[in-house]
>>> print(open('structure01.cif').read())   # mmCIF, C-alpha atoms and all ligand atoms
data_start
loop_
_atom_site.label_atom_id
_atom_site.label_comp_id
_atom_site.auth_asym_id
_atom_site.auth_seq_id
_atom_site.Cartn_x
_atom_site.Cartn_y
_atom_site.Cartn_z
CA MET A 1 -0.73 7.17 14.22
CA ILE A 2 -0.20 10.39 12.28
CA ASP A 3 0.51 12.91 15.01
CA ALA A 4 -0.36 16.59 14.97
CA SER A 5 3.10 17.76 13.92
CA LEU A 6 3.15 15.39 10.96
CA GLN A 7 -0.31 16.60 9.98
CA ASP A 8 1.00 20.18 10.11
CA ARG A 9 3.88 19.15 7.89
CA VAL A 10 1.54 17.54 5.36
CA ARG A 11 -0.64 20.67 5.26
CA ALA A 12 2.45 22.86 4.78
CA LEU A 13 3.73 20.66 1.94
CA VAL A 14 0.33 20.63 0.24
CA ALA A 15 0.27 24.43 0.52
CA GLU A 16 3.79 24.64 -0.90
CA ARG A 17 2.86 22.52 -3.93
CA ARG A 18 2.54 24.37 -7.23
CA PRO A 19 -0.19 22.88 -9.43
CA GLY A 20 1.30 21.87 -12.77
CA PHE A 21 4.67 21.12 -11.16
CA SER A 22 6.18 17.93 -9.81
CA LEU A 23 5.72 17.47 -6.05
CA PRO A 24 7.87 18.85 -3.25
CA ARG A 25 10.78 16.54 -2.49
CA ASP A 26 9.56 15.06 0.79
CA PHE A 27 6.49 13.58 -0.87
CA TYR A 28 8.81 11.33 -2.87
CA VAL A 29 11.58 10.44 -0.45
CA ASP A 30 10.50 10.86 3.17
CA GLU A 31 9.57 7.78 5.26
CA ALA A 32 7.15 9.73 7.49
CA LEU A 33 5.34 10.97 4.40
CA PHE A 34 5.28 7.40 3.13
CA ARG A 35 3.32 6.41 6.24
CA VAL A 36 0.94 9.24 5.44
CA ASP A 37 0.47 7.81 1.94
CA GLU A 38 -0.26 4.38 3.33
CA GLU A 39 -2.79 5.74 5.78
CA ALA A 40 -4.46 8.54 3.84
CA VAL A 41 -4.34 7.01 0.37
CA PHE A 42 -3.91 3.23 0.36
CA ALA A 43 -5.94 2.47 3.49
CA ALA A 44 -8.64 4.90 2.36
CA GLU A 45 -9.21 4.15 -1.33
CA TRP A 46 -10.50 1.33 -3.48
CA LEU A 47 -7.53 -0.59 -4.86
CA PHE A 48 -7.32 -2.91 -7.82
CA ALA A 49 -6.47 -6.37 -6.46
CA CYS A 50 -6.54 -8.91 -9.30
CA ASN A 51 -8.60 -10.37 -12.08
CA ALA A 52 -11.39 -12.57 -10.70
CA CYS A 53 -10.09 -15.45 -12.85
CA GLU A 54 -7.04 -15.58 -10.57
CA ILE A 55 -9.35 -16.94 -7.89
CA ALA A 56 -11.62 -18.90 -10.21
CA GLU A 57 -12.49 -21.86 -7.95
CA PRO A 58 -14.05 -21.88 -4.47
CA GLY A 59 -11.18 -21.83 -1.99
CA ASP A 60 -8.74 -20.05 -4.31
CA TRP A 61 -7.16 -17.14 -2.49
CA LEU A 62 -4.72 -14.35 -3.20
CA THR A 63 -3.16 -11.85 -0.80
CA LEU A 64 -2.25 -8.25 -1.31
CA ARG A 65 -0.42 -5.76 0.82
CA ILE A 66 -2.39 -2.69 1.83
CA ALA A 67 -0.76 -0.06 4.00
CA GLY A 68 1.78 -2.46 5.46
CA ALA A 69 -0.81 -5.13 6.30
CA SER A 70 -2.21 -8.06 4.35
CA VAL A 71 -5.68 -8.68 2.93
CA VAL A 72 -6.82 -12.00 1.53
CA VAL A 73 -9.20 -12.08 -1.42
CA LEU A 74 -10.92 -15.41 -2.03
CA ARG A 75 -13.71 -17.21 -3.83
CA ASP A 76 -16.42 -18.49 -1.52
CA ARG A 77 -18.36 -21.73 -2.04
CA ASP A 78 -21.33 -19.77 -3.40
CA GLY A 79 -19.09 -18.19 -6.07
CA ALA A 80 -18.88 -14.79 -4.37
CA VAL A 81 -15.56 -12.96 -4.20
CA ARG A 82 -14.81 -11.89 -0.63
CA ALA A 83 -12.00 -10.03 1.10
CA PHE A 84 -10.82 -10.37 4.69
CA HIS A 85 -8.10 -8.83 6.78
CA ASN A 86 -5.42 -11.52 6.81
CA THR A 87 -5.16 -11.76 10.58
CA CYS A 88 -6.37 -14.58 12.82
CA ARG A 89 -8.91 -13.70 15.50
CA HIS A 90 -7.03 -15.77 18.12
CA ARG A 91 -3.74 -13.92 18.56
CA GLY A 92 -3.44 -12.25 15.21
CA SER A 93 -1.17 -14.49 13.17
CA ARG A 94 -1.19 -14.01 9.45
CA LEU A 95 -3.56 -16.65 8.16
CA CYS A 96 -2.79 -17.08 4.46
CA LEU A 97 0.92 -17.15 3.80
CA GLY A 98 2.38 -16.36 0.41
CA GLU A 99 0.83 -14.69 -2.62
CA LYS A 100 -1.68 -17.31 -3.75
CA GLY A 101 -3.10 -20.61 -2.71
CA HIS A 102 -6.10 -22.88 -2.43
CA ALA A 103 -7.83 -24.11 0.71
CA ASN A 104 -11.09 -25.82 1.51
CA ARG A 105 -11.12 -23.86 4.73
CA LEU A 106 -8.65 -21.34 6.08
CA VAL A 107 -6.59 -22.89 8.86
CA CYS A 108 -4.36 -20.63 10.92
CA PRO A 109 -0.78 -21.96 10.83
CA TYR A 110 -0.22 -21.01 14.50
CA HIS A 111 -2.82 -22.90 16.60
CA GLN A 112 -5.05 -24.18 13.79
CA TRP A 113 -8.21 -22.17 14.29
CA VAL A 114 -10.36 -23.03 11.29
CA TYR A 115 -12.40 -20.52 9.29
CA GLU A 116 -15.09 -21.10 6.68
CA LEU A 117 -14.59 -19.31 3.35
CA ASP A 118 -17.27 -16.80 4.36
CA GLY A 119 -15.11 -15.81 7.33
CA ARG A 120 -17.02 -17.67 10.10
CA LEU A 121 -14.87 -19.32 12.76
CA LEU A 122 -15.72 -23.03 12.57
CA ASP A 123 -13.35 -24.57 15.05
CA ALA A 124 -11.07 -23.33 17.80
CA ARG A 125 -9.56 -26.42 19.31
CA GLN A 126 -9.13 -26.77 23.07
CA MET A 127 -11.05 -23.62 23.80
CA PRO A 128 -13.48 -23.89 26.77
CA THR A 129 -16.99 -25.21 26.11
CA ASP A 130 -18.54 -21.81 26.76
CA PHE A 131 -16.35 -20.19 24.07
CA ASP A 132 -18.64 -18.67 21.43
CA PRO A 133 -16.97 -18.75 17.99
CA SER A 134 -19.64 -16.51 16.47
CA GLY A 135 -17.90 -13.45 17.87
CA TYR A 136 -14.57 -14.35 16.26
CA GLY A 137 -15.14 -14.43 12.51
CA LEU A 138 -12.57 -12.93 10.19
CA LYS A 139 -12.92 -9.19 9.75
CA PRO A 140 -14.18 -8.43 6.25
CA ALA A 141 -12.78 -5.77 3.93
CA HIS A 142 -14.94 -4.15 1.26
CA CYS A 143 -14.76 -5.92 -2.05
CA THR A 144 -16.44 -5.47 -5.42
CA VAL A 145 -16.04 -6.90 -8.91
CA ILE A 146 -16.26 -4.67 -11.99
CA ALA A 147 -16.43 -6.62 -15.26
CA GLY A 148 -14.17 -9.29 -13.79
CA LEU A 149 -11.74 -6.92 -12.05
CA VAL A 150 -11.59 -7.21 -8.26
CA TYR A 151 -11.33 -4.06 -6.15
CA VAL A 152 -10.76 -3.96 -2.39
CA CYS A 153 -11.04 -1.19 0.19
CA VAL A 154 -10.03 -1.42 3.85
CA ALA A 155 -11.59 1.90 4.90
CA GLU A 156 -14.47 1.55 7.34
CA GLU A 157 -16.61 3.75 5.10
CA PRO A 158 -15.39 3.27 1.54
CA PRO A 159 -15.72 6.08 -0.96
CA SER A 160 -18.16 5.38 -3.79
CA ILE A 161 -16.73 3.48 -6.74
CA GLU A 162 -20.00 3.60 -8.69
CA ARG A 163 -19.10 6.49 -11.00
CA PHE A 164 -16.01 4.55 -12.08
CA ARG A 165 -18.00 1.34 -12.54
CA ALA A 166 -20.66 3.03 -14.68
CA ALA A 167 -18.10 4.87 -16.79
CA VAL A 168 -15.68 2.04 -17.57
CA GLU A 169 -17.86 -1.06 -17.83
CA PRO A 170 -19.04 -0.27 -21.39
CA TYR A 171 -15.40 0.06 -22.51
CA ILE A 172 -13.95 -3.04 -20.88
CA ALA A 173 -16.86 -5.51 -20.67
CA PRO A 174 -16.79 -6.35 -24.44
CA HIS A 175 -13.23 -7.67 -23.88
CA ARG A 176 -14.74 -10.14 -21.39
CA PRO A 177 -12.07 -9.89 -18.67
CA ASP A 178 -14.29 -12.32 -16.74
CA ARG A 179 -13.64 -15.03 -19.34
CA THR A 180 -9.87 -14.93 -19.36
CA LYS A 181 -7.05 -16.92 -17.83
CA VAL A 182 -3.64 -15.83 -16.62
CA ALA A 183 -0.93 -16.55 -19.17
CA HIS A 184 1.87 -14.95 -17.19
CA VAL A 185 2.57 -12.85 -14.08
CA SER A 186 5.67 -10.79 -13.51
CA ILE A 187 6.56 -9.10 -10.23
CA ILE A 188 9.36 -6.58 -10.15
CA VAL A 189 10.50 -4.23 -7.40
CA GLU A 190 11.51 -0.74 -8.44
CA GLU A 191 13.77 1.30 -6.18
CA ALA A 192 11.59 4.36 -6.52
CA ASN A 193 8.68 5.98 -4.73
CA TRP A 194 5.29 4.69 -5.86
CA LYS A 195 4.25 8.15 -7.10
CA LEU A 196 7.22 8.20 -9.47
CA VAL A 197 6.18 4.79 -10.80
CA ILE A 198 2.68 6.15 -11.42
CA GLU A 199 3.96 9.43 -12.88
CA ASN A 200 6.22 7.55 -15.25
CA ASN A 201 3.26 5.56 -16.48
CA ARG A 202 1.10 8.65 -16.95
CA GLU A 203 3.13 10.18 -19.76
CA CYS A 204 4.69 9.07 -23.01
CA TYR A 205 6.99 12.09 -23.23
CA HIS A 206 9.75 9.60 -22.42
CA CYS A 207 8.64 6.89 -24.86
CA ALA A 208 10.52 7.88 -28.03
CA ALA A 209 13.93 7.78 -26.37
CA ASN A 210 13.30 4.73 -24.19
CA HIS A 211 10.73 2.26 -25.53
CA PRO A 212 11.63 0.97 -29.01
CA GLU A 213 9.67 -2.27 -28.49
CA LEU A 214 6.56 -0.54 -27.21
CA LEU A 215 6.52 2.03 -29.97
CA VAL A 216 6.32 -0.64 -32.66
CA THR A 217 2.57 -0.38 -32.10
CA LEU A 218 1.77 2.08 -29.29
CA VAL A 219 0.66 5.52 -30.41
CA GLU A 220 2.37 8.12 -28.23
CA PHE A 221 -0.65 10.40 -28.20
CA ALA A 222 -3.07 10.15 -25.31
CA LEU A 223 -6.07 11.97 -26.76
CA PRO A 224 -8.01 11.65 -30.03
CA ASP A 225 -7.36 15.35 -30.63
CA ASP A 226 -3.84 15.50 -29.20
CA PRO A 227 -2.31 18.84 -30.18
CA ARG A 228 0.91 17.04 -31.21
CA ALA A 229 -0.97 14.69 -33.51
CA THR A 230 0.15 14.33 -37.11
CA ALA A 231 -2.07 14.16 -40.19
CA GLN A 232 -1.26 10.45 -40.29
CA PHE A 233 -2.61 9.99 -36.75
CA ASP A 234 -5.75 11.94 -37.63
CA ARG A 235 -6.36 9.59 -40.59
CA LEU A 236 -5.70 6.55 -38.40
CA MET A 237 -8.06 7.88 -35.75
CA SER A 238 -10.93 8.61 -38.11
CA GLY A 239 -10.69 5.15 -39.70
CA ALA A 240 -10.57 3.48 -36.29
CA ARG A 241 -13.46 5.56 -34.98
CA ALA A 242 -15.68 4.41 -37.85
CA ARG A 243 -14.85 0.74 -37.21
CA TRP A 244 -15.40 1.02 -33.46
CA ASP A 245 -18.70 2.83 -33.96
CA ALA A 246 -19.85 0.07 -36.31
CA LEU A 247 -18.99 -2.51 -33.62
CA GLY A 248 -20.64 -0.45 -30.87
CA LEU A 249 -17.36 -0.08 -28.95
CA PRO A 250 -17.09 3.16 -26.96
CA HIS A 251 -13.86 5.06 -27.50
CA ALA A 252 -14.18 8.75 -26.54
CA PRO A 253 -12.33 9.72 -23.35
CA ALA A 254 -14.50 8.85 -20.32
CA ASP A 255 -14.98 11.71 -17.90
CA GLY A 256 -13.03 10.42 -14.92
CA GLY A 257 -11.89 13.81 -13.65
CA VAL A 258 -8.61 13.35 -11.81
CA GLU A 259 -9.66 9.96 -10.39
CA PHE A 260 -9.59 7.73 -13.45
CA ARG A 261 -9.13 7.62 -17.18
CA CYS A 262 -10.53 5.32 -19.83
CA ILE A 263 -10.14 5.71 -23.59
CA ARG A 264 -9.79 3.55 -26.68
CA LEU A 265 -6.94 4.47 -29.02
CA PRO A 266 -5.69 2.79 -32.19
CA PHE A 267 -2.32 1.16 -32.68
CA ASN A 268 0.14 2.43 -35.26
CA GLU A 269 -0.74 1.67 -38.88
CA GLY A 270 -0.50 -2.08 -39.47
CA GLY A 271 -0.13 -2.97 -35.78
CA VAL A 272 -2.79 -4.90 -33.86
CA SER A 273 -1.16 -5.95 -30.58
CA PHE A 274 1.82 -5.48 -28.27
CA THR A 275 4.29 -7.67 -30.15
CA LEU A 276 7.73 -7.01 -31.57
CA ASP A 277 6.39 -7.19 -35.15
CA GLY A 278 3.00 -5.64 -34.43
CA GLY A 279 1.10 -8.81 -35.38
CA PRO A 280 -1.35 -10.64 -33.11
CA ALA A 281 -0.11 -12.10 -29.81
CA CYS A 282 -2.93 -14.66 -29.50
CA ARG A 283 -4.93 -16.30 -32.27
CA LYS A 284 -7.99 -16.80 -30.09
CA LEU A 285 -9.59 -13.40 -29.65
CA LEU A 286 -11.33 -12.26 -26.49
CA GLY A 287 -15.10 -12.33 -26.06
CA ASP A 288 -17.01 -12.33 -29.33
CA PHE A 289 -14.42 -10.35 -31.23
CA THR A 290 -13.64 -11.31 -34.81
CA ASP A 291 -11.51 -8.27 -35.69
CA PRO A 292 -7.99 -8.48 -34.23
CA ASP A 293 -7.44 -4.75 -34.78
CA LEU A 294 -9.39 -2.90 -32.06
CA GLY A 295 -6.57 -0.76 -30.72
CA SER A 296 -6.56 -0.83 -26.95
CA VAL A 297 -8.65 0.50 -24.12
CA ARG A 298 -6.22 2.28 -21.84
CA MET A 299 -7.56 2.50 -18.33
CA PHE A 300 -6.01 4.07 -15.25
CA ARG A 301 -7.44 4.47 -11.80
CA ALA A 302 -5.70 6.25 -8.94
CA PRO A 303 -3.88 5.22 -6.93
CA ASN A 304 -2.65 1.79 -7.94
CA ALA A 305 -3.44 0.39 -11.38
CA TRP A 306 -3.42 0.80 -15.12
CA HIS A 307 -4.57 -1.61 -17.79
CA HIS A 308 -4.67 -2.31 -21.51
CA PHE A 309 -7.59 -4.20 -23.07
CA LEU A 310 -6.80 -5.41 -26.61
CA ALA A 311 -8.66 -7.70 -29.00
CA ASP A 312 -6.39 -10.63 -28.12
CA HIS A 313 -5.16 -10.06 -24.58
CA ILE A 314 -5.47 -7.96 -21.44
CA LEU A 315 -2.76 -6.45 -19.27
CA HIS A 316 -3.18 -5.45 -15.64
CA PHE A 317 -0.45 -3.45 -13.88
CA ARG A 318 -0.77 -3.19 -10.10
CA VAL A 319 1.43 -0.92 -8.00
CA THR A 320 2.15 -1.69 -4.34
CA PRO A 321 4.25 0.70 -2.28
CA LEU A 322 6.74 -1.14 -0.07
CA SER A 323 8.61 1.81 1.43
CA ALA A 324 9.39 5.41 0.46
CA ASP A 325 11.91 4.16 -2.07
CA ARG A 326 10.65 0.69 -3.08
CA THR A 327 7.59 -0.18 -5.14
CA GLU A 328 6.32 -3.50 -6.41
CA VAL A 329 4.85 -3.64 -9.92
CA ARG A 330 2.82 -6.75 -10.68
CA THR A 331 1.97 -7.28 -14.35
CA THR A 332 -0.58 -9.86 -15.42
CA TRP A 333 -1.03 -11.02 -19.03
CA LEU A 334 -4.45 -12.58 -19.67
CA VAL A 335 -5.76 -14.40 -22.72
CA HIS A 336 -9.07 -16.04 -23.62
CA GLU A 337 -9.91 -18.75 -21.09
CA ASP A 338 -9.84 -21.39 -23.84
CA ALA A 339 -6.61 -20.22 -25.50
CA VAL A 340 -3.91 -22.90 -25.49
CA GLU A 341 -0.26 -22.05 -25.00
CA GLY A 342 1.86 -23.22 -27.92
CA VAL A 343 -1.22 -23.42 -30.13
CA ASP A 344 -2.97 -20.06 -29.85
CA TYR A 345 -0.15 -18.09 -28.32
CA ASP A 346 3.55 -18.22 -27.60
CA LEU A 347 4.44 -16.93 -24.14
CA GLU A 348 7.67 -15.29 -25.23
CA ARG A 349 5.89 -13.45 -28.05
CA LEU A 350 3.01 -12.41 -25.78
CA THR A 351 5.21 -10.99 -23.02
CA ALA A 352 8.28 -9.63 -24.84
CA VAL A 353 7.15 -6.02 -25.32
CA TRP A 354 5.97 -5.29 -21.80
CA THR A 355 8.75 -7.26 -20.14
CA ALA A 356 11.23 -5.00 -21.93
CA THR A 357 9.11 -1.89 -21.34
CA ASN A 358 8.66 -2.58 -17.62
CA ASP A 359 12.39 -2.94 -17.21
CA GLN A 360 13.04 0.30 -19.09
CA ASP A 361 10.44 2.05 -16.95
CA ARG A 362 12.04 0.64 -13.81
CA VAL A 363 15.36 2.23 -14.74
CA LEU A 364 13.66 5.56 -15.52
CA ALA A 365 11.75 5.63 -12.24
CA GLU A 366 14.85 4.63 -10.26
CA ASN A 367 16.91 7.37 -11.91
CA ASN A 368 14.12 9.83 -11.20
CA HIS A 369 14.07 8.84 -7.53
CA ARG A 370 17.86 9.11 -7.20
CA GLY A 371 17.82 12.51 -8.86
CA ILE A 372 15.19 13.80 -6.45
CA LEU A 373 17.47 12.85 -3.54
CA SER A 374 19.71 15.73 -4.67
CA ARG A 375 19.60 18.74 -2.38
CA ALA A 376 19.32 20.81 -5.54
CA TYR A 377 15.98 19.25 -6.55
CA GLU A 378 13.06 21.57 -6.85
CA PRO A 379 9.68 20.80 -8.43
CA GLY A 380 9.76 21.23 -12.19
CA PRO A 381 6.98 22.09 -14.67
CA TYR A 382 4.99 19.36 -16.38
CA ALA A 383 4.95 19.54 -20.19
CA PRO A 384 1.51 19.86 -21.85
CA SER A 385 1.66 16.17 -22.80
CA GLU A 386 2.14 15.40 -19.09
CA PHE A 387 -1.38 16.61 -18.24
CA MET A 388 -2.14 13.25 -16.61
CA LEU A 389 0.64 13.83 -14.08
CA ALA A 390 -0.91 17.17 -13.20
CA ASN A 391 -4.22 15.32 -12.74
CA PHE A 392 -2.58 12.71 -10.55
CA ALA A 393 -0.80 15.32 -8.41
CA ASP A 394 -4.11 17.19 -8.00
CA TRP A 395 -5.85 13.96 -7.05
CA TYR A 396 -3.13 13.12 -4.53
CA ALA A 397 -3.12 16.58 -2.96
CA GLY A 398 -6.91 16.40 -2.82
CA ARG A 399 -6.82 13.14 -0.85
CA LEU A 400 -4.41 14.67 1.67
CA ALA A 401 -6.52 17.82 1.97
CA ASP A 402 -9.64 15.68 2.49
CA ARG A 403 -7.93 13.80 5.25
CA PHE A 404 -5.96 16.51 7.03
CA GLY A 405 -7.83 19.65 6.04
CA ALA A 406 -6.89 22.28 3.51
CA PRO A 407 -3.71 24.26 4.18
CA ALA A 408 -4.29 27.43 6.22
CA SER A 409 -3.55 29.69 3.26
CA ARG A 410 -6.27 27.99 1.19
CA LEU A 411 -8.82 28.33 4.02
CA GLU A 412 -8.05 32.02 4.32
CA ALA A 413 -8.30 32.44 0.58
CA ALA A 414 -11.72 30.80 0.63
CA GLU A 415 -13.07 33.18 3.26
S1 LIG B 1 -3.03 -17.03 16.16
FE1 LIG B 1 -4.30 -18.14 14.82
S2 LIG B 1 -4.81 -19.90 15.91
FE2 LIG B 1 -3.55 -18.79 17.26
FE FE B 2 7.42 4.07 -20.03
#
>>> encode(input="structure01.cif", output="structure tokens")
Amino acid sequence: MIDASLQDRVRALVAERRPGFSLPRDFYVDEALFRVDEEAVFAAEWLFACNACEIAEPGDWLTLRIAGASVVVLRDRDGAVRAFHNTCRHRGSRLCLGEKGHANRLVCPYHQWVYELDGRLLDARQMPTDFDPSGYGLKPAHCTVIAGLVYVCVAEEPPSIERFRAAVEPYIAPHRPDRTKVAHVSIIVEEANWKLVIENNRECYHCAANHPELLVTLVEFALPDDPRATAQFDRLMSGARARWDALGLPHAPADGGVEFRCIRLPFNEGGVSFTLDGGPACRKLLGDFTDPDLGSVRMFRAPNAWHHFLADHILHFRVTPLSADRTEVRTTWLVHEDAVEGVDYDLERLTAVWTATNDQDRVLAENNHRGILSRAYEPGPYAPSEFMLANFADWYAGRLADRFGAPASRLEAAE
């Protein structure tokens, strides 16, 4: 699918890349390179799919696009979360249509082959008596659940996700993502390359000029010892650290290398949640929490998701590339499974900050993409506070080098 000349081009572009600088233009705008991303990144890596509570009951299913194809994630009768390629074993029709649904059994809309929730083919009407359905079960995709978050991988041999699991579970499990319910989902399409959507999320250099709602409570600094930090932040941090330690909540930056990031950081003085006045967004706190002021666990995992885990709600952001210049961003707001809308939380209050922020980020990413279309574009240097973009670019280049081999100049240098 990715022919030799395209592979040569990828190797040349990876060689041309300057670490610490934004990527060469084609990585952001070229359709052939987009196919490379789908193949070498999205079809190769573990991807965040959804919260397991989105498929709470046996027969609940949800689809997601991976590298141009569809995968269905569902809850089996035995409670297990499973993933299958969303293609019928008769003549390949898509089986589950739409984003979500519920079915006792999966019935293909084309000729009604019927599949059990564990993927077995149960019935293929009018097929000859010697037809053996056991050879025509749905093809599984790899699937795992980490503290209530569902991850899927369509690679034949998935990379290990265990280092990520071990590192982040202690941070996120106390928020009990497995005991939440969806309060709201928003899906927007940004006219920008997926890497620009990720890059935009990986820095807060742009926050002061663009996110008044977010900055009511979000601290712009990304590290407990951020070199830009003020004395006020240092005081805030040391007070928060003492409270978190007393509650046994981990907060120091997890060592995720360039693959992932997980850290707990406080909100601005007096703020406890993502609301326009900084007050709580939901009266019923998550898990066993009694203190509404726990800051937030900020978690990112390449290539497709970032999250916030607060005392009163959880946010998942999932990025799906649609083409070189279109990217879907799906945001999910989750509250305690027993929280009642209108009693414990008001939907408008809960969603106002990130609805505004997402839209502001959409405009920024779209402007970034349009600017890169200029023939005058050349990669520019990341600021020190954009260290997470440098990490992401290194991670991305690493995936391409793993897949297509290191550029010739690197091989020679290594000899
Ligand atoms: S393609 Fe599914 S039953 Fe024919
Ligand atoms: Fe932003």
>>> residues_around(input="structure01.cif", residues="region 72-75 of chain A", least_positions_apart="6", cutoff="9 Å", atoms="all atoms listed in the file", output="VMD selection string")
chain A and resid 49 to 50 52 55 to 65 81 to 86 95 to 96 102 117 to 118 141 143 150 152
>>> residues_around(input="structure01.cif", residues="Glu220 (chain A)", least_positions_apart="6", cutoff="8 Å", atoms="all atoms listed in the file", output="ChimeraX atom specification")
/A:204-205,207
>>> residues_around(input="structure01.cif", residues="region 384-388 of chain A", least_positions_apart="3", cutoff="6 Å", atoms="only C-alpha atoms", output="PyMOL selection string")
chain A and resi 202-203+391
>>> axis_aligned_box(input="structure01.cif", around="ligand LIG 1 (chain B)", padding_each_side="5 Å", output="lines of an AutoDock Vina configuration file")
center_x = -3.9
center_y = -18.5
center_z = 16.0
size_x = 11.8
size_y = 12.9
size_z = 12.4
>>> closest_residue(input="structure01.cif", among="A:Phe233, A:Leu218, A:His251, A:Asp291", to="ligand FE 2 (chain B)", atoms="all atoms listed in the file")
A:Leu218
>>> residues_near_ligand(input="structure01.cif", ligand="ligand LIG 1 (chain B)", cutoff="7 Å", atoms="all atoms listed in the file", output="PyMOL selection string")
chain A and resi 88-93+95+108-113
>>> atom_distance(input="structure01.cif", atom1="CA of Asp325 (chain A)", atom2="CA of Val182 (chain A)")
29.2 Å
>>> closest_atom_pairs(input="structure01.cif", of="chain A", to="ligand FE 2 (chain B)", cutoff="7 Å", atoms="only C-alpha atoms and all ligand atoms", output="tab-separated table")
residue	atom	partner	partner_atom	distance
A:Asn200	CA	B:FE2	FE	6.0
A:Asn201	CA	B:FE2	FE	5.7
A:Cys204	CA	B:FE2	FE	6.4
A:His206	CA	B:FE2	FE	6.5
A:Cys207	CA	B:FE2	FE	5.7
A:His211	CA	B:FE2	FE	6.7
A:Thr357	CA	B:FE2	FE	6.3
A:Gln360	CA	B:FE2	FE	6.8
A:Asp361	CA	B:FE2	FE	4.8
>>> write_last_selection(input="structure01.cif", atoms="C-alpha atoms", output="CSV table (one decimal), in the coordinates of the input")
chain,number,residue,atom,x,y,z
A,200,ASN,CA,6.2,7.6,-15.2
A,201,ASN,CA,3.3,5.6,-16.5
A,204,CYS,CA,4.7,9.1,-23.0
A,206,HIS,CA,9.8,9.6,-22.4
A,207,CYS,CA,8.6,6.9,-24.9
A,211,HIS,CA,10.7,2.3,-25.5
A,357,THR,CA,9.1,-1.9,-21.3
A,360,GLN,CA,13.0,0.3,-19.1
A,361,ASP,CA,10.4,2.0,-17.0
>>> atom_distance(input="structure01.cif", atom1="CA of Glu378 (chain A)", atom2="CA of Pro24 (chain A)")
6.9 Å
>>> residues_around(input="structure01.cif", residues="Thr351 (chain A)", least_positions_apart="4", cutoff="8 Å", atoms="only C-alpha atoms", output="NGL selection string")
:A and (184 or 275 or 333 or 347 or 355)
>>> write_last_selection(input="structure01.cif", atoms="C-alpha atoms", output="compact mmCIF listing (two decimals), keeping the file's coordinate frame")
# COMPACT_ATOMS: atom_id res chain seq x y z
CA HIS A 184 1.87 -14.95 -17.19
CA THR A 275 4.29 -7.67 -30.15
CA TRP A 333 -1.03 -11.02 -19.03
CA LEU A 347 4.44 -16.93 -24.14
CA THR A 355 8.75 -7.26 -20.14
>>> residues_around(input="structure01.cif", residues="Thr332 (chain A)", least_positions_apart="3", cutoff="9 Å", atoms="all atoms listed in the file", output="PyMOL selection string")
chain A and resi 50-51+182-187+314-318
>>> closest_residue(input="structure01.cif", among="A:Leu223, A:Leu322, A:Leu97, A:Ala397", to="Ile188 (chain A)", atoms="all atoms listed in the file")
A:Leu322
>>> closest_residue(input="structure01.cif", among="A:Ala166, A:Ala209, A:Glu337, A:Pro158", to="Leu364 (chain A)", atoms="all atoms listed in the file")
A:Ala209
>>> residues_near_point(input="structure01.cif", point="(-12.7, 1.9, -32.4)", cutoff="10 Å", atoms="all atoms listed in the file", output="ChimeraX atom specification")
/A:237-252,263-266,293-297
>>> closest_residue(input="structure01.cif", among="A:Val219, A:Ala324, A:Ala352, A:Leu236", to="Asp37 (chain A)", atoms="only C-alpha atoms")
A:Ala324
>>> closest_residue(input="structure01.cif", among="A:Met127, A:Ala254, A:Leu121, A:Cys153", to="Phe48 (chain A)", atoms="all atoms listed in the file")
A:Cys153
